[in-house]
Amino acid sequence: MPLLEIRNLVVRYGEIEALRGVTCAVEQGQVVTLLGANGAGKSTTLRAISGLAKPTSGDILFDGKSIAGLGPEAIVRMGISHVPEGRRVFPGLTVKENIMLGASNRRAATSEISREADAMFDLFPDIRKFSNALGWTLSGGQLQMVAVARGLMAKPRLLLLDEPSLGLAPVIVQAVFKIISEIRRNTTVLLVEQNARMGLSVADYGYVLETGRIVLGGKPDELWGNEAIRAAYLGGHAKVSA
Amino acid sequence: MDLALQLLFTGIGIGAVYALVALGFVLIFRATNVVNFAQGEFSMVAAYLMVVAVEAGLPYWAAFIVALLGMALLGVVFNLGVYYPLRHRTYLPVIIATIGASILLANSVLAIYGPQPQVLQGWFDTPGIQLGPVYLDSQYLLIIGVTICLVIFNFWFFEKTLLGKKLQATSQDKEMASLLGISVSTMIMITFIYSAVLGGLAGILVAPVLFVSIQMGSTIALKAFAATIIGGFGDVAGAIIGGLALGVIETFGAAYISVPYKDGFAFLVLIAFLIFRPQGIFGERVAEKA
């Protein structure tokens, strides 16, 4: 049984149908990457999983149990942590405080959470010296590190990462993906990326989304071999057949 | 000089009341992005609760606790009845609902208690002490003391506790807070309870200095609102400094320029700030980065 299974998921924002029947699965221990152009529905898929977007129809199964329609607070307590697009680091709180709040989904003493947050800096040494800096003073790459560290504080069984490379300099993108390849040792990851090369480099499996539908799924080398993936990742409209 | 010192003491005393109400404004604004126009009525209701409890024969301290518990309950009811049903709407319906609630509260008290202003005794039997040239009124001393304690408590609560950090996180980005497992509705409930108690405390403390009347809430709220703008809207330190500044300015204005225009000075300062420094003393300290 896959850790996460999405069946025929439809999400509407008013008149707009953002997802038109998405079906995919994430196996325990894997990194799965969702590729697709802007507006294909990648972020909406993650938002539906974490409870920010309400599914119109279809189902989302986590560990075999339906979580479709639950609120975000309930879903993160079940072990799905969502690092959303745009990092969303609290601007008026310090880096350490931001990271500590990542543990809000579970019961633990404040001193314990503080220790865990300090330990998180071993994985993210670049932000250790900004521990007491306010969120809004950080650069994009640093914010991304804080956002991922905060997401990991939930001790998730499934980590949802939305566009971690967006707006970052190539060298920072490398650093972020190095961390993702370290995370994968203990955590299942569903990664959304526009940068297909980076996205697939860490993945066990990939899906290609196009205008609200999964049009292709396969192992990274299979996807690379496919003409259509290049079109999809460049935002082209080439006909894709699964 | 002696007069100036005396005025400074009185000004800080009345300013402390504005500061407490202003703090309530700011906390609710930061948590919900809405100005609660019933914040002044919290002070008025608390003062009446205090009058009722004292008349019922409770000792002063017990009446004080009963009135504050009543305000905590009002905070809960206010959140569930006024804010919660409209929480997914824009700010406009919520603001109108708070105005409606303020009218409801004022007229409910009017219906129950009638229009005659009530008198509430001060906490202390001794009216005050003479310290050199300055006469320290005991009620003003109490107001200043309580305000200092609350400012310290407020700082400790928001800066040193994890719950305080969760409240801050909720006020900065509700959606992200919920993604982390922070119960946003609980955080907003706590904010309303805390703000209602703060407003109530201000009302109870100032009641022996003023009369307890239906209008006392709107007068205090207008000054407190001006204080938040002077201090820098949405800023906690700004609300406190703004409140104290306003109390001092209007007291000096009344003494040296004109007593009838006492209330006018506060608004003159407000208008000056709106023209020359609309971001207030502290301005926007947290810049949102894209």
# chains A, B, ... in the order shown; residues from 1 in each chain; ligands from 1
call {"tool": "residues_around", "arguments": {"residues": "Val184 of chain B", "least_positions_apart": "6", "cutoff": "12 Å", "atoms": "only C-alpha atoms", "output": "list in words"}}
result
Gly71, Pro72, Glu73, Ala74 and Ser104 of chain A; Ala31, Thr32, Tyr84, Arg87, Leu163, Lys166, Leu167, Gln168, Ala169, Thr170, Ser171, Gln172, Asp173, Lys174, Glu175, Met176, Ala177, Ser178, Ile190 and Thr191 of chain B
call {"tool": "write_last_selection", "arguments": {"atoms": "C-alpha atoms", "output": "mmCIF file, in the first residue's frame"}}
result
data_model
loop_
_atom_site.group_PDB
_atom_site.id
_atom_site.type_symbol
_atom_site.label_atom_id
_atom_site.label_comp_id
_atom_site.auth_asym_id
_atom_site.auth_seq_id
_atom_site.Cartn_x
_atom_site.Cartn_y
_atom_site.Cartn_z
ATOM 1 C CA GLY A 71 -8.431 20.840 7.896
ATOM 2 C CA PRO A 72 -4.701 21.619 7.734
ATOM 3 C CA GLU A 73 -4.302 21.451 11.524
ATOM 4 C CA ALA A 74 -5.640 17.881 11.611
ATOM 5 C CA SER A 104 3.287 22.767 16.884
ATOM 6 C CA ALA B 31 -4.756 38.795 15.015
ATOM 7 C CA THR B 32 -7.739 39.487 12.781
ATOM 8 C CA TYR B 84 -16.139 33.786 14.072
ATOM 9 C CA ARG B 87 -13.944 35.133 9.667
ATOM 10 C CA LEU B 163 2.100 30.344 23.231
ATOM 11 C CA LYS B 166 2.110 31.033 18.297
ATOM 12 C CA LEU B 167 -0.135 34.073 18.750
ATOM 13 C CA GLN B 168 2.388 36.205 16.873
ATOM 14 C CA ALA B 169 2.715 33.615 14.125
ATOM 15 C CA THR B 170 -1.072 33.524 13.775
ATOM 16 C CA SER B 171 -1.249 37.301 13.469
ATOM 17 C CA GLN B 172 1.490 37.312 10.816
ATOM 18 C CA ASP B 173 0.307 34.459 8.577
ATOM 19 C CA LYS B 174 -2.803 32.488 9.547
ATOM 20 C CA GLU B 175 -2.613 29.975 6.714
ATOM 21 C CA MET B 176 1.016 29.098 7.488
ATOM 22 C CA ALA B 177 0.225 28.862 11.197
ATOM 23 C CA SER B 178 -2.528 26.335 10.471
ATOM 24 C CA ILE B 190 -7.258 33.810 23.332
ATOM 25 C CA THR B 191 -6.671 37.204 21.700
#
call {"tool": "closest_atom_pairs", "arguments": {"of": "segment 140-201 of chain B", "to": "segment 59-64 of chain B", "cutoff": "12 Å", "atoms": "only C-alpha atoms", "output": "JSON lines"}}
result
{"residue": "B:Val197", "atom": "CA", "partner": "B:Phe64", "partner_atom": "CA", "distance": 11.3}
{"residue": "B:Gly200", "atom": "CA", "partner": "B:Phe64", "partner_atom": "CA", "distance": 10.0}
{"residue": "B:Leu201", "atom": "CA", "partner": "B:Phe64", "partner_atom": "CA", "distance": 8.8}
call {"tool": "closest_atom_pairs", "arguments": {"of": "chain B", "to": "chain A", "cutoff": "6 Å", "atoms": "only C-alpha atoms", "output": "JSON lines"}}
result
{"residue": "B:Ser178", "atom": "CA", "partner": "A:Glu73", "partner_atom": "CA", "distance": 5.3}
{"residue": "B:Leu179", "atom": "CA", "partner": "A:Pro72", "partner_atom": "CA", "distance": 5.3}
{"residue": "B:Leu180", "atom": "CA", "partner": "A:Gly102", "partner_atom": "CA", "distance": 5.6}
{"residue": "B:Gly181", "atom": "CA", "partner": "A:Glu73", "partner_atom": "CA", "distance": 4.3}
{"residue": "B:Ile182", "atom": "CA", "partner": "A:Ser104", "partner_atom": "CA", "distance": 5.7}
call {"tool": "residues_around", "arguments": {"residues": "Trp123 of chain B", "least_positions_apart": "6", "cutoff": "12 Å", "atoms": "only C-alpha atoms", "output": "MDAnalysis selection string"}}
result
chainID B and resid 50 54 59:64 137:143 204:209
call {"tool": "write_last_selection", "arguments": {"atoms": "N, CA and C atoms", "output": "compact mmCIF listing (two decimals), in the first residue's frame"}}
result
# COMPACT_ATOMS: atom_id res chain seq x y z
N MET B 50 -18.57 45.91 37.64
CA MET B 50 -17.93 46.23 38.92
C MET B 50 -18.93 46.90 39.85
N VAL B 54 -20.15 45.30 43.36
CA VAL B 54 -19.93 46.00 44.63
C VAL B 54 -21.27 46.23 45.33
N PRO B 59 -16.86 41.99 48.51
CA PRO B 59 -15.69 42.81 48.81
C PRO B 59 -15.07 43.32 47.51
N TYR B 60 -14.35 44.45 47.60
CA TYR B 60 -13.85 45.11 46.39
C TYR B 60 -13.01 44.17 45.53
N TRP B 61 -12.10 43.43 46.18
CA TRP B 61 -11.22 42.55 45.40
C TRP B 61 -12.00 41.43 44.72
N ALA B 62 -13.05 40.92 45.40
CA ALA B 62 -13.85 39.85 44.81
C ALA B 62 -14.65 40.39 43.63
N ALA B 63 -15.18 41.61 43.80
CA ALA B 63 -15.92 42.24 42.70
C ALA B 63 -15.02 42.42 41.49
N PHE B 64 -13.79 42.78 41.79
CA PHE B 64 -12.78 42.98 40.75
C PHE B 64 -12.57 41.69 39.95
N ASP B 137 -2.50 60.87 43.77
CA ASP B 137 -3.83 60.30 43.99
C ASP B 137 -3.71 58.78 43.97
N SER B 138 -4.32 58.13 44.96
CA SER B 138 -4.12 56.68 45.11
C SER B 138 -4.66 55.90 43.90
N GLN B 139 -5.78 56.36 43.33
CA GLN B 139 -6.34 55.64 42.20
C GLN B 139 -5.41 55.73 40.97
N TYR B 140 -4.85 56.94 40.77
CA TYR B 140 -3.91 57.08 39.65
C TYR B 140 -2.66 56.23 39.87
N LEU B 141 -2.21 56.16 41.14
CA LEU B 141 -1.06 55.30 41.45
C LEU B 141 -1.37 53.86 41.08
N LEU B 142 -2.61 53.42 41.43
CA LEU B 142 -3.02 52.05 41.13
C LEU B 142 -3.03 51.82 39.60
N ILE B 143 -3.60 52.80 38.89
CA ILE B 143 -3.68 52.68 37.42
C ILE B 143 -2.27 52.52 36.83
N ILE B 204 -12.46 49.44 34.70
CA ILE B 204 -12.59 49.32 36.16
C ILE B 204 -11.66 50.31 36.87
N LEU B 205 -10.46 50.45 36.32
CA LEU B 205 -9.47 51.31 36.96
C LEU B 205 -9.84 52.78 36.84
N VAL B 206 -10.42 53.15 35.70
CA VAL B 206 -10.68 54.58 35.47
C VAL B 206 -12.04 54.99 36.05
N ALA B 207 -12.91 53.99 36.33
CA ALA B 207 -14.26 54.29 36.78
C ALA B 207 -14.31 55.21 38.00
N PRO B 208 -13.49 55.00 39.03
CA PRO B 208 -13.57 55.89 40.19
C PRO B 208 -13.13 57.32 39.87
N VAL B 209 -12.36 57.50 38.80
CA VAL B 209 -11.89 58.84 38.44
C VAL B 209 -12.95 59.57 37.62
call {"tool": "closest_residue", "arguments": {"among": "B:Gly234, B:Pro85, B:Gly264, B:Pro117", "to": "Leu23 of chain B", "atoms": "only C-alpha atoms"}}
result
B:Gly234
call {"tool": "select_by_dssp", "arguments": {"residues": "segment 54-261 of chain B", "states": "strand (DSSP E or B)", "output": "list in words"}}
result
Gln118, Gly128, Ile129, Gln130, Leu131, Val134, Tyr135, Leu136, Asp137 and Val212 of chain B
call {"tool": "residues_around", "arguments": {"residues": "segment 267-278 of chain B", "least_positions_apart": "2", "cutoff": "9 Å", "atoms": "only C-alpha atoms", "output": "PyMOL selection string"}}
result
chain B and resi 223+226-227+229-230+232+246+249+263-265+280-281+283
call {"tool": "residues_around", "arguments": {"residues": "Gln174 of chain A", "least_positions_apart": "5", "cutoff": "9 Å", "atoms": "only C-alpha atoms", "output": "NGL selection string"}}
result
:A and (165 or 169 or 179 or 198)
call {"tool": "select_by_dssp", "arguments": {"residues": "segment 40-241 of chain A", "states": "alpha helix (DSSP H)", "output": "count of residues only"}}
result
83
call {"tool": "residues_around", "arguments": {"residues": "Thr251 of chain B", "least_positions_apart": "4", "cutoff": "8 Å", "atoms": "only C-alpha atoms", "output": "count of residues only"}}
result
7
call {"tool": "residues_around", "arguments": {"residues": "Gly58 of chain A", "least_positions_apart": "3", "cutoff": "7 Å", "atoms": "only C-alpha atoms", "output": "JSON, numbers by chain"}}
result
{"A": [7, 8, 9, 10, 55]}
call {"tool": "closest_residue", "arguments": {"among": "B:Val35, B:Leu105, B:Ile96, B:Val76", "to": "Ile214 of chain B", "atoms": "only C-alpha atoms"}}
result
B:Leu105
call {"tool": "decode", "arguments": {"residues": "segment 40-72 of chain A", "atoms": "N, CA and C atoms", "output": "short mmCIF file (atom, residue, chain, number, x, y, z; two decimals), in the first residue's frame"}}
result
data_model
loop_
_atom_site.label_atom_id
_atom_site.label_comp_id
_atom_site.auth_asym_id
_atom_site.auth_seq_id
_atom_site.Cartn_x
_atom_site.Cartn_y
_atom_site.Cartn_z
N ALA A 40 -0.13 24.46 -13.97
CA ALA A 40 -0.53 23.10 -14.32
C ALA A 40 -1.33 22.44 -13.18
N GLY A 41 -1.18 22.98 -11.97
CA GLY A 41 -1.90 22.41 -10.84
C GLY A 41 -1.01 21.76 -9.80
N LYS A 42 0.30 21.99 -9.88
CA LYS A 42 1.23 21.37 -8.94
C LYS A 42 0.98 21.83 -7.51
N SER A 43 0.94 23.15 -7.34
CA SER A 43 0.74 23.68 -6.00
C SER A 43 -0.64 23.32 -5.46
N THR A 44 -1.63 23.34 -6.34
CA THR A 44 -2.99 22.99 -5.91
C THR A 44 -3.04 21.55 -5.41
N THR A 45 -2.30 20.67 -6.06
CA THR A 45 -2.25 19.28 -5.59
C THR A 45 -1.73 19.22 -4.16
N LEU A 46 -0.62 19.93 -3.90
CA LEU A 46 -0.07 19.94 -2.54
C LEU A 46 -1.04 20.58 -1.56
N ARG A 47 -1.67 21.67 -1.99
CA ARG A 47 -2.61 22.36 -1.10
C ARG A 47 -3.81 21.48 -0.76
N ALA A 48 -4.21 20.64 -1.72
CA ALA A 48 -5.32 19.72 -1.44
C ALA A 48 -4.89 18.65 -0.43
N ILE A 49 -3.65 18.18 -0.58
CA ILE A 49 -3.16 17.14 0.33
C ILE A 49 -3.07 17.68 1.76
N SER A 50 -2.57 18.92 1.90
CA SER A 50 -2.36 19.45 3.26
C SER A 50 -3.61 20.10 3.82
N GLY A 51 -4.69 20.13 3.05
CA GLY A 51 -5.95 20.62 3.58
C GLY A 51 -6.24 22.08 3.35
N LEU A 52 -5.35 22.79 2.62
CA LEU A 52 -5.59 24.20 2.35
C LEU A 52 -6.63 24.39 1.25
N ALA A 53 -6.71 23.42 0.34
CA ALA A 53 -7.73 23.48 -0.72
C ALA A 53 -8.69 22.31 -0.52
N LYS A 54 -9.98 22.61 -0.62
CA LYS A 54 -10.97 21.54 -0.41
C LYS A 54 -11.22 20.82 -1.74
N PRO A 55 -11.08 19.49 -1.75
CA PRO A 55 -11.37 18.74 -2.97
C PRO A 55 -12.85 18.83 -3.33
N THR A 56 -13.13 19.00 -4.61
CA THR A 56 -14.51 19.00 -5.07
C THR A 56 -15.00 17.56 -5.18
N SER A 57 -14.14 16.70 -5.72
CA SER A 57 -14.46 15.27 -5.74
C SER A 57 -13.14 14.50 -5.78
N GLY A 58 -13.24 13.19 -5.71
CA GLY A 58 -12.04 12.36 -5.65
C GLY A 58 -11.63 12.13 -4.21
N ASP A 59 -10.53 11.41 -4.02
CA ASP A 59 -10.14 11.06 -2.66
C ASP A 59 -8.63 11.15 -2.49
N ILE A 60 -8.21 11.43 -1.25
CA ILE A 60 -6.79 11.42 -0.89
C ILE A 60 -6.63 10.46 0.28
N LEU A 61 -5.82 9.42 0.08
CA LEU A 61 -5.63 8.43 1.13
C LEU A 61 -4.22 8.55 1.67
N PHE A 62 -4.11 8.69 2.99
CA PHE A 62 -2.81 8.71 3.64
C PHE A 62 -2.76 7.48 4.54
N ASP A 63 -1.83 6.58 4.25
CA ASP A 63 -1.75 5.36 5.04
C ASP A 63 -3.06 4.57 4.97
N GLY A 64 -3.74 4.67 3.83
CA GLY A 64 -4.98 3.94 3.65
C GLY A 64 -6.22 4.64 4.16
N LYS A 65 -6.04 5.74 4.91
CA LYS A 65 -7.21 6.46 5.45
C LYS A 65 -7.46 7.72 4.64
N SER A 66 -8.75 8.01 4.42
CA SER A 66 -9.09 9.20 3.65
C SER A 66 -8.85 10.46 4.47
N ILE A 67 -8.13 11.41 3.89
CA ILE A 67 -7.90 12.69 4.58
C ILE A 67 -8.53 13.83 3.78
N ALA A 68 -9.22 13.51 2.71
CA ALA A 68 -9.82 14.55 1.88
C ALA A 68 -10.85 15.33 2.69
N GLY A 69 -10.72 16.65 2.69
CA GLY A 69 -11.69 17.49 3.38
C GLY A 69 -11.34 17.80 4.83
N LEU A 70 -10.32 17.15 5.38
CA LEU A 70 -9.87 17.52 6.73
C LEU A 70 -9.16 18.87 6.68
N GLY A 71 -9.11 19.55 7.83
CA GLY A 71 -8.43 20.84 7.90
C GLY A 71 -6.93 20.65 8.01
N PRO A 72 -6.16 21.72 7.69
CA PRO A 72 -4.70 21.62 7.73
C PRO A 72 -4.15 21.25 9.12
#
